[in-house]
Amino acid sequence: MVDEEQQHIPIQQAPHGGNSSGGSGEPADQSAPTLGRRVMSFARTILFTVLVAFLLKTFVVEAFRIPSGSMENTLLVGDFLLVNKLAYGIKTPRYFPLTNLAIPSLTLPSFGSVKRGDVVVFEYPGKHVEADGNDPVYYIKRCIGVPGDTVTIHSGELIVDGREVLPPSHGKGSYPGEILWMESSPGSGAGPIDGNNFGPITVPKKGDVIHLTQASALKWREFIEREHHKLVIDPAGKILIDGVPSTDFTVRENYFFMLGDNRGNSLDSRFWGFVPEGNIVGEALVIYWSWDPEDPGAGVGERMSKARWSRIGTLIR
């Protein structure tokens with residue numbers, strides 16, 4: 001009896017004088033992929049993985065390491081944390097991938113914005129060389145002043161819009177002594193800054209008009225230059241912005257006042273000025289790893305023994 005499937009298989013006639021059942025006439029096994037196909041499939045998988053990782057890092061979440069004690073004890077040196085980059089809206093990259101070449105960046109509208117008390121990662125608002133060479137430098141601080149707030153520090157007491165703001169219970173809010181820094185922040189006045197006594201100063205918001213005199217122009221010059229304008233005072237005492245005589249300046253974006261939880265040992269907005277909204281990276285989310293960097297150990301076992309297990313998985317408040 002003939003199998004039903006075999007009924008539809010045409011019988012090949014062998015050439016005259018040839019053997020129809022010879023081994024050389026059998027078709028090659030098409031089920032096994034060639035080496036080239038396997039390489040292409042592997043390459044596509046790698047490319048897709050890299051692309052997904054890049055998109056996640058660029059738009060969703062990114063890892064950072066804490067290098068200083070300015071946020072103690074909320075964050076410790078050696079903490080590794082994840083930052084939610086969607087908290088304040090989706091932003092296009094500020095730099096061309098794998099370079100420090102700045103490119104225009106856009107922020108899509110969102111329902112969230114930086115609030116007082118948020119722990120925020122942002123790009124240092126001054127010139128990169130002032131912080132650490134020419135590469136972008138990222139800081140993490142607590143936002144204590146949003147656009148329009150008036151910030152005052154009096155004898156170490158923080159006051160925002162007339163109300164005292166207590167330091168976080170896990171922060172170091174005490175001042176070991178007078179804190180001086182020999183550079184002024186935009187709008188704070190020239191000369192040394194006393195971190196125990198600062199302000200009052202109003203955090204600029206988009207559309208604010210800053211009235212300029214010869215004295216105030218010097219105080220606001222760095223701020224105006226960070227908004228990509230050039231301010232000079234000519235020999236006759238006339239204020240020029242981009243070469244045009246001006247008596248006022250209109251702020252083009254919102255700003256925030258950032259302060260370290262370790263207020264007595266933190267370089268923050270008291271010293272280098274306000275943080276523009278465009279420099280905000282995201283909100284600190286969770287500590288995913290932590291160990292003591294002073295004594296991490298040489299081998300893997302020793303390093304694991306130095307891990308701060310109780311901090312891993314801690315949400316950042």
# chains A, B, ... in the order shown; residues from 1 in each chain; ligands from 1
$ select_by_dssp --residues "range 75-239 of chain A" --states "helix (DSSP H, G or I)" --output "ChimeraX atom specification"
/A:128-132,214-226
$ residues_around --residues "Glu227 in chain A" --least-positions-apart "5" --cutoff "12 Å" --atoms "only C-alpha atoms" --output "number ranges by chain"
A: 125-126, 186, 206, 220-222, 241-242, 249-255, 274-278
$ write_last_selection --atoms "C-alpha atoms" --output "PDB file, in the first residue's frame"
ATOM      1  CA  PRO A 125      25.168  74.938  36.054  1.00  0.00           C
ATOM      2  CA  GLY A 126      28.562  76.629  35.767  1.00  0.00           C
ATOM      3  CA  PRO A 186      24.581  84.996  40.711  1.00  0.00           C
ATOM      4  CA  LYS A 206      10.610  82.427  33.510  1.00  0.00           C
ATOM      5  CA  TRP A 220      23.873  89.314  37.904  1.00  0.00           C
ATOM      6  CA  ARG A 221      26.469  89.178  35.156  1.00  0.00           C
ATOM      7  CA  GLU A 222      27.324  85.494  35.604  1.00  0.00           C
ATOM      8  CA  ILE A 241      23.650  93.226  26.851  1.00  0.00           C
ATOM      9  CA  ASP A 242      24.800  91.691  23.584  1.00  0.00           C
ATOM     10  CA  PHE A 249      16.859  91.662  31.663  1.00  0.00           C
ATOM     11  CA  THR A 250      14.040  89.149  31.154  1.00  0.00           C
ATOM     12  CA  VAL A 251      14.680  85.640  32.525  1.00  0.00           C
ATOM     13  CA  ARG A 252      14.131  82.972  29.862  1.00  0.00           C
ATOM     14  CA  GLU A 253      13.633  79.817  31.996  1.00  0.00           C
ATOM     15  CA  ASN A 254      12.745  78.592  35.482  1.00  0.00           C
ATOM     16  CA  TYR A 255      15.399  78.070  38.161  1.00  0.00           C
ATOM     17  CA  PHE A 274      20.649  78.625  40.781  1.00  0.00           C
ATOM     18  CA  VAL A 275      20.035  75.484  38.731  1.00  0.00           C
ATOM     19  CA  PRO A 276      18.187  76.068  35.433  1.00  0.00           C
ATOM     20  CA  GLU A 277      15.312  73.742  34.626  1.00  0.00           C
ATOM     21  CA  GLY A 278      17.107  72.531  31.504  1.00  0.00           C
TER      22      GLY A 278
END
$ select_by_dssp --residues "range 74-304 of chain A" --states "strand (DSSP E or B)" --output "mmCIF file with N, CA and C atoms, in the first residue's frame"
data_model
loop_
_atom_site.group_PDB
_atom_site.id
_atom_site.type_symbol
_atom_site.label_atom_id
_atom_site.label_comp_id
_atom_site.auth_asym_id
_atom_site.auth_seq_id
_atom_site.Cartn_x
_atom_site.Cartn_y
_atom_site.Cartn_z
ATOM 1 N N ASP A 79 27.375 55.097 47.961
ATOM 2 C CA ASP A 79 26.030 54.688 47.555
ATOM 3 C C ASP A 79 25.924 54.722 46.034
ATOM 4 N N PHE A 80 25.242 53.746 45.470
ATOM 5 C CA PHE A 80 24.944 53.719 44.039
ATOM 6 C C PHE A 80 23.423 53.799 43.906
ATOM 7 N N LEU A 81 22.938 54.709 43.116
ATOM 8 C CA LEU A 81 21.501 54.926 43.076
ATOM 9 C C LEU A 81 20.976 55.007 41.654
ATOM 10 N N LEU A 82 19.678 54.775 41.528
ATOM 11 C CA LEU A 82 18.980 54.902 40.250
ATOM 12 C C LEU A 82 18.177 56.195 40.261
ATOM 13 N N VAL A 83 18.185 56.869 39.127
ATOM 14 C CA VAL A 83 17.500 58.148 38.993
ATOM 15 C C VAL A 83 16.375 58.021 37.976
ATOM 16 N N ASN A 84 15.204 58.454 38.370
ATOM 17 C CA ASN A 84 14.032 58.427 37.496
ATOM 18 C C ASN A 84 14.071 59.650 36.566
ATOM 19 N N LYS A 91 13.235 64.204 28.137
ATOM 20 C CA LYS A 91 14.153 65.174 27.554
ATOM 21 C C LYS A 91 15.036 64.487 26.520
ATOM 22 N N TYR A 95 23.834 66.058 25.055
ATOM 23 C CA TYR A 95 25.144 65.884 24.429
ATOM 24 C C TYR A 95 25.052 64.800 23.366
ATOM 25 N N ALA A 102 27.938 69.512 23.183
ATOM 26 C CA ALA A 102 26.592 69.945 23.538
ATOM 27 C C ALA A 102 25.726 70.110 22.288
ATOM 28 N N THR A 107 12.405 69.380 25.905
ATOM 29 C CA THR A 107 11.673 68.681 26.963
ATOM 30 C C THR A 107 10.210 68.596 26.569
ATOM 31 N N VAL A 119 14.836 65.167 46.046
ATOM 32 C CA VAL A 119 16.277 64.950 45.897
ATOM 33 C C VAL A 119 16.539 64.785 44.409
ATOM 34 N N VAL A 120 17.321 65.708 43.854
ATOM 35 C CA VAL A 120 17.401 65.860 42.407
ATOM 36 C C VAL A 120 18.836 65.710 41.924
ATOM 37 N N VAL A 121 18.995 65.022 40.787
ATOM 38 C CA VAL A 121 20.277 64.974 40.080
ATOM 39 C C VAL A 121 20.205 65.981 38.938
ATOM 40 N N PHE A 122 21.271 66.771 38.800
ATOM 41 C CA PHE A 122 21.294 67.813 37.776
ATOM 42 C C PHE A 122 22.722 68.025 37.303
ATOM 43 N N GLU A 123 22.832 68.647 36.147
ATOM 44 C CA GLU A 123 24.151 68.997 35.628
ATOM 45 C C GLU A 123 24.605 70.304 36.266
ATOM 46 N N ASN A 134 36.535 69.330 31.435
ATOM 47 C CA ASN A 134 35.600 69.760 30.397
ATOM 48 C C ASN A 134 34.397 68.851 30.238
ATOM 49 N N TYR A 138 27.808 66.014 37.219
ATOM 50 C CA TYR A 138 26.468 65.882 37.774
ATOM 51 C C TYR A 138 26.523 65.935 39.293
ATOM 52 N N TYR A 139 25.618 66.714 39.866
ATOM 53 C CA TYR A 139 25.498 66.859 41.311
ATOM 54 C C TYR A 139 24.154 66.293 41.745
ATOM 55 N N ILE A 140 24.059 66.003 43.035
ATOM 56 C CA ILE A 140 22.787 65.614 43.630
ATOM 57 C C ILE A 140 22.590 66.430 44.895
ATOM 58 N N LYS A 141 21.457 67.126 44.973
ATOM 59 C CA LYS A 141 21.122 67.951 46.131
ATOM 60 C C LYS A 141 19.617 67.879 46.363
ATOM 61 N N ARG A 142 19.193 68.529 47.428
ATOM 62 C CA ARG A 142 17.756 68.622 47.715
ATOM 63 C C ARG A 142 17.249 69.995 47.272
ATOM 64 N N CYS A 143 16.144 70.007 46.565
ATOM 65 C CA CYS A 143 15.552 71.270 46.144
ATOM 66 C C CYS A 143 14.831 71.891 47.340
ATOM 67 N N ILE A 144 15.223 73.121 47.689
ATOM 68 C CA ILE A 144 14.547 73.800 48.802
ATOM 69 C C ILE A 144 13.880 75.093 48.342
ATOM 70 N N GLY A 145 14.103 75.468 47.071
ATOM 71 C CA GLY A 145 13.469 76.666 46.548
ATOM 72 C C GLY A 145 13.072 76.482 45.095
ATOM 73 N N THR A 150 11.388 82.858 47.976
ATOM 74 C CA THR A 150 12.421 83.703 48.584
ATOM 75 C C THR A 150 13.135 82.891 49.652
ATOM 76 N N VAL A 151 14.437 82.743 49.486
ATOM 77 C CA VAL A 151 15.248 81.893 50.367
ATOM 78 C C VAL A 151 16.130 82.758 51.251
ATOM 79 N N THR A 152 16.128 82.448 52.543
ATOM 80 C CA THR A 152 16.970 83.152 53.518
ATOM 81 C C THR A 152 17.581 82.122 54.454
ATOM 82 N N ILE A 153 18.839 82.306 54.789
ATOM 83 C CA ILE A 153 19.474 81.520 55.854
ATOM 84 C C ILE A 153 19.962 82.512 56.898
ATOM 85 N N HIS A 154 19.455 82.372 58.118
ATOM 86 C CA HIS A 154 19.801 83.297 59.206
ATOM 87 C C HIS A 154 20.297 82.493 60.399
ATOM 88 N N GLU A 157 19.602 78.917 60.194
ATOM 89 C CA GLU A 157 18.197 78.529 60.074
ATOM 90 C C GLU A 157 17.714 78.836 58.659
ATOM 91 N N LEU A 158 17.174 77.833 57.990
ATOM 92 C CA LEU A 158 16.690 77.989 56.628
ATOM 93 C C LEU A 158 15.240 78.454 56.648
ATOM 94 N N ILE A 159 14.975 79.547 55.915
ATOM 95 C CA ILE A 159 13.632 80.116 55.848
ATOM 96 C C ILE A 159 13.264 80.274 54.378
ATOM 97 N N VAL A 160 12.139 79.718 53.984
ATOM 98 C CA VAL A 160 11.641 79.819 52.613
ATOM 99 C C VAL A 160 10.257 80.443 52.651
ATOM 100 N N ARG A 163 8.823 80.910 56.103
ATOM 101 C CA ARG A 163 8.604 79.750 56.974
ATOM 102 C C ARG A 163 9.903 78.974 57.154
ATOM 103 N N GLU A 164 10.152 78.555 58.387
ATOM 104 C CA GLU A 164 11.366 77.781 58.665
ATOM 105 C C GLU A 164 11.247 76.395 58.040
ATOM 106 N N LEU A 180 32.711 80.006 54.518
ATOM 107 C CA LEU A 180 33.064 81.062 53.588
ATOM 108 C C LEU A 180 33.468 80.468 52.252
ATOM 109 N N TRP A 181 33.098 81.149 51.206
ATOM 110 C CA TRP A 181 33.527 80.766 49.871
ATOM 111 C C TRP A 181 33.863 82.041 49.133
ATOM 112 N N ILE A 193 31.085 84.510 50.901
ATOM 113 C CA ILE A 193 29.725 84.115 51.264
ATOM 114 C C ILE A 193 29.763 83.375 52.587
ATOM 115 N N ASP A 194 28.890 83.772 53.503
ATOM 116 C CA ASP A 194 28.751 83.109 54.790
ATOM 117 C C ASP A 194 27.578 82.142 54.687
ATOM 118 N N ASN A 197 24.607 82.647 56.997
ATOM 119 C CA ASN A 197 23.763 83.825 56.810
ATOM 120 C C ASN A 197 23.778 84.182 55.329
ATOM 121 N N PHE A 198 22.624 83.962 54.698
ATOM 122 C CA PHE A 198 22.574 84.082 53.244
ATOM 123 C C PHE A 198 21.223 84.650 52.837
ATOM 124 N N GLY A 199 21.236 85.548 51.868
ATOM 125 C CA GLY A 199 19.998 86.108 51.356
ATOM 126 C C GLY A 199 19.511 87.279 52.200
ATOM 127 N N PRO A 200 18.212 87.611 52.044
ATOM 128 C CA PRO A 200 17.204 86.915 51.233
ATOM 129 C C PRO A 200 17.446 87.069 49.733
ATOM 130 N N ILE A 201 17.065 86.042 48.994
ATOM 131 C CA ILE A 201 17.203 86.052 47.545
ATOM 132 C C ILE A 201 16.017 85.305 46.941
ATOM 133 N N THR A 202 15.494 85.846 45.853
ATOM 134 C CA THR A 202 14.334 85.251 45.191
ATOM 135 C C THR A 202 14.793 84.387 44.027
ATOM 136 N N VAL A 209 11.552 89.994 35.339
ATOM 137 C CA VAL A 209 12.359 91.097 34.815
ATOM 138 C C VAL A 209 13.304 91.574 35.910
ATOM 139 N N ILE A 210 14.605 91.486 35.632
ATOM 140 C CA ILE A 210 15.633 91.930 36.574
ATOM 141 C C ILE A 210 16.054 93.346 36.177
ATOM 142 N N HIS A 211 15.826 94.292 37.072
ATOM 143 C CA HIS A 211 16.216 95.673 36.801
ATOM 144 C C HIS A 211 17.697 95.849 37.129
ATOM 145 N N LEU A 231 27.096 90.469 29.005
ATOM 146 C CA LEU A 231 26.870 91.757 29.664
ATOM 147 C C LEU A 231 28.200 92.445 29.920
ATOM 148 N N VAL A 232 28.287 93.706 29.535
ATOM 149 C CA VAL A 232 29.476 94.513 29.814
ATOM 150 C C VAL A 232 29.023 95.899 30.256
ATOM 151 N N ILE A 233 29.878 96.569 30.976
ATOM 152 C CA ILE A 233 29.648 97.963 31.351
ATOM 153 C C ILE A 233 30.736 98.788 30.680
ATOM 154 N N ILE A 239 25.253 100.058 30.652
ATOM 155 C CA ILE A 239 25.123 98.598 30.669
ATOM 156 C C ILE A 239 24.737 98.127 29.277
ATOM 157 N N LEU A 240 25.519 97.186 28.739
ATOM 158 C CA LEU A 240 25.255 96.644 27.412
ATOM 159 C C LEU A 240 25.028 95.131 27.521
ATOM 160 N N ILE A 241 23.910 94.667 26.957
ATOM 161 C CA ILE A 241 23.650 93.226 26.851
ATOM 162 C C ILE A 241 23.651 92.877 25.377
ATOM 163 N N VAL A 244 23.710 95.881 23.209
ATOM 164 C CA VAL A 244 22.556 96.783 23.203
ATOM 165 C C VAL A 244 22.394 97.418 24.585
ATOM 166 N N PRO A 245 22.285 98.746 24.679
ATOM 167 C CA PRO A 245 22.062 99.386 25.984
ATOM 168 C C PRO A 245 20.802 98.835 26.651
ATOM 169 N N ASP A 248 17.231 96.494 31.945
ATOM 170 C CA ASP A 248 16.625 95.335 32.575
ATOM 171 C C ASP A 248 16.888 94.092 31.734
ATOM 172 N N PHE A 249 16.628 92.947 32.337
ATOM 173 C CA PHE A 249 16.859 91.662 31.663
ATOM 174 C C PHE A 249 15.700 90.739 31.991
ATOM 175 N N THR A 250 15.159 90.073 30.967
ATOM 176 C CA THR A 250 14.040 89.149 31.154
ATOM 177 C C THR A 250 14.549 87.714 31.219
ATOM 178 N N TYR A 255 14.207 78.459 37.411
ATOM 179 C CA TYR A 255 15.399 78.070 38.161
ATOM 180 C C TYR A 255 15.002 77.483 39.509
ATOM 181 N N PHE A 256 15.974 76.767 40.118
ATOM 182 C CA PHE A 256 15.745 76.129 41.406
ATOM 183 C C PHE A 256 16.939 76.374 42.324
ATOM 184 N N PHE A 257 16.653 76.396 43.625
ATOM 185 C CA PHE A 257 17.705 76.568 44.631
ATOM 186 C C PHE A 257 17.940 75.219 45.282
ATOM 187 N N MET A 258 19.172 74.712 45.184
ATOM 188 C CA MET A 258 19.534 73.392 45.695
ATOM 189 C C MET A 258 20.448 73.512 46.913
ATOM 190 N N LEU A 259 20.207 72.641 47.891
ATOM 191 C CA LEU A 259 20.988 72.661 49.119
ATOM 192 C C LEU A 259 21.307 71.232 49.533
ATOM 193 N N VAL A 275 19.985 76.555 39.729
ATOM 194 C CA VAL A 275 20.035 75.484 38.731
ATOM 195 C C VAL A 275 18.918 75.706 37.720
ATOM 196 N N PRO A 276 19.242 75.900 36.437
ATOM 197 C CA PRO A 276 18.187 76.068 35.433
ATOM 198 C C PRO A 276 17.427 74.772 35.199
ATOM 199 N N ILE A 280 18.166 69.876 34.784
ATOM 200 C CA ILE A 280 17.649 68.817 35.645
ATOM 201 C C ILE A 280 17.696 67.486 34.900
ATOM 202 N N VAL A 281 18.267 66.459 35.555
ATOM 203 C CA VAL A 281 18.342 65.114 34.973
ATOM 204 C C VAL A 281 17.155 64.269 35.425
ATOM 205 N N GLY A 282 16.871 64.271 36.724
ATOM 206 C CA GLY A 282 15.764 63.464 37.217
ATOM 207 C C GLY A 282 15.742 63.411 38.730
ATOM 208 N N GLU A 283 14.812 62.645 39.258
ATOM 209 C CA GLU A 283 14.635 62.510 40.704
ATOM 210 C C GLU A 283 15.308 61.230 41.194
ATOM 211 N N ALA A 284 16.099 61.358 42.260
ATOM 212 C CA ALA A 284 16.740 60.189 42.854
ATOM 213 C C ALA A 284 15.678 59.228 43.373
ATOM 214 N N LEU A 285 15.834 57.958 43.039
ATOM 215 C CA LEU A 285 14.762 56.990 43.277
ATOM 216 C C LEU A 285 15.094 55.996 44.387
ATOM 217 N N VAL A 286 16.164 55.220 44.211
ATOM 218 C CA VAL A 286 16.451 54.129 45.140
ATOM 219 C C VAL A 286 17.949 53.837 45.149
ATOM 220 N N ILE A 287 18.442 53.383 46.289
ATOM 221 C CA ILE A 287 19.836 52.923 46.406
ATOM 222 C C ILE A 287 19.864 51.446 46.026
ATOM 223 N N TYR A 288 20.589 51.113 44.953
ATOM 224 C CA TYR A 288 20.615 49.711 44.523
ATOM 225 C C TYR A 288 21.877 48.992 44.969
ATOM 226 N N TRP A 289 22.876 49.738 45.449
ATOM 227 C CA TRP A 289 24.090 49.111 45.979
ATOM 228 C C TRP A 289 24.811 50.117 46.859
ATOM 229 N N SER A 290 25.531 49.645 47.858
ATOM 230 C CA SER A 290 26.274 50.548 48.732
ATOM 231 C C SER A 290 27.380 49.781 49.426
ATOM 232 N N TRP A 291 28.567 50.404 49.471
ATOM 233 C CA TRP A 291 29.649 49.862 50.288
ATOM 234 C C TRP A 291 30.579 50.982 50.702
#
$ atom_distance --atom1 "CA of Ile316 in chain A" --atom2 "CA of Gly171 in chain A"
12.1 Å
$ atom_distance --atom1 "CA of Asp135 in chain A" --atom2 "CA of Leu101 in chain A"
9.2 Å
$ closest_residue --among "A:Trp272, A:Ile90, A:Gly117, A:Leu35" --to "Phe223 in chain A" --atoms "only C-alpha atoms"
A:Trp272
$ residues_around --residues "Arg94 in chain A" --least-positions-apart "5" --cutoff "8 Å" --atoms "only C-alpha atoms" --output "ChimeraX atom specification"
/A:102-105
$ write_last_selection --atoms "C-alpha atoms" --output "PDB file, in the first residue's frame"
ATOM      1  CA  ALA A 102      26.592  69.945  23.538  1.00  0.00           C
ATOM      2  CA  ILE A 103      23.516  69.834  21.304  1.00  0.00           C
ATOM      3  CA  PRO A 104      20.101  71.540  21.592  1.00  0.00           C
ATOM      4  CA  SER A 105      17.782  69.674  23.957  1.00  0.00           C
TER       5      SER A 105
END
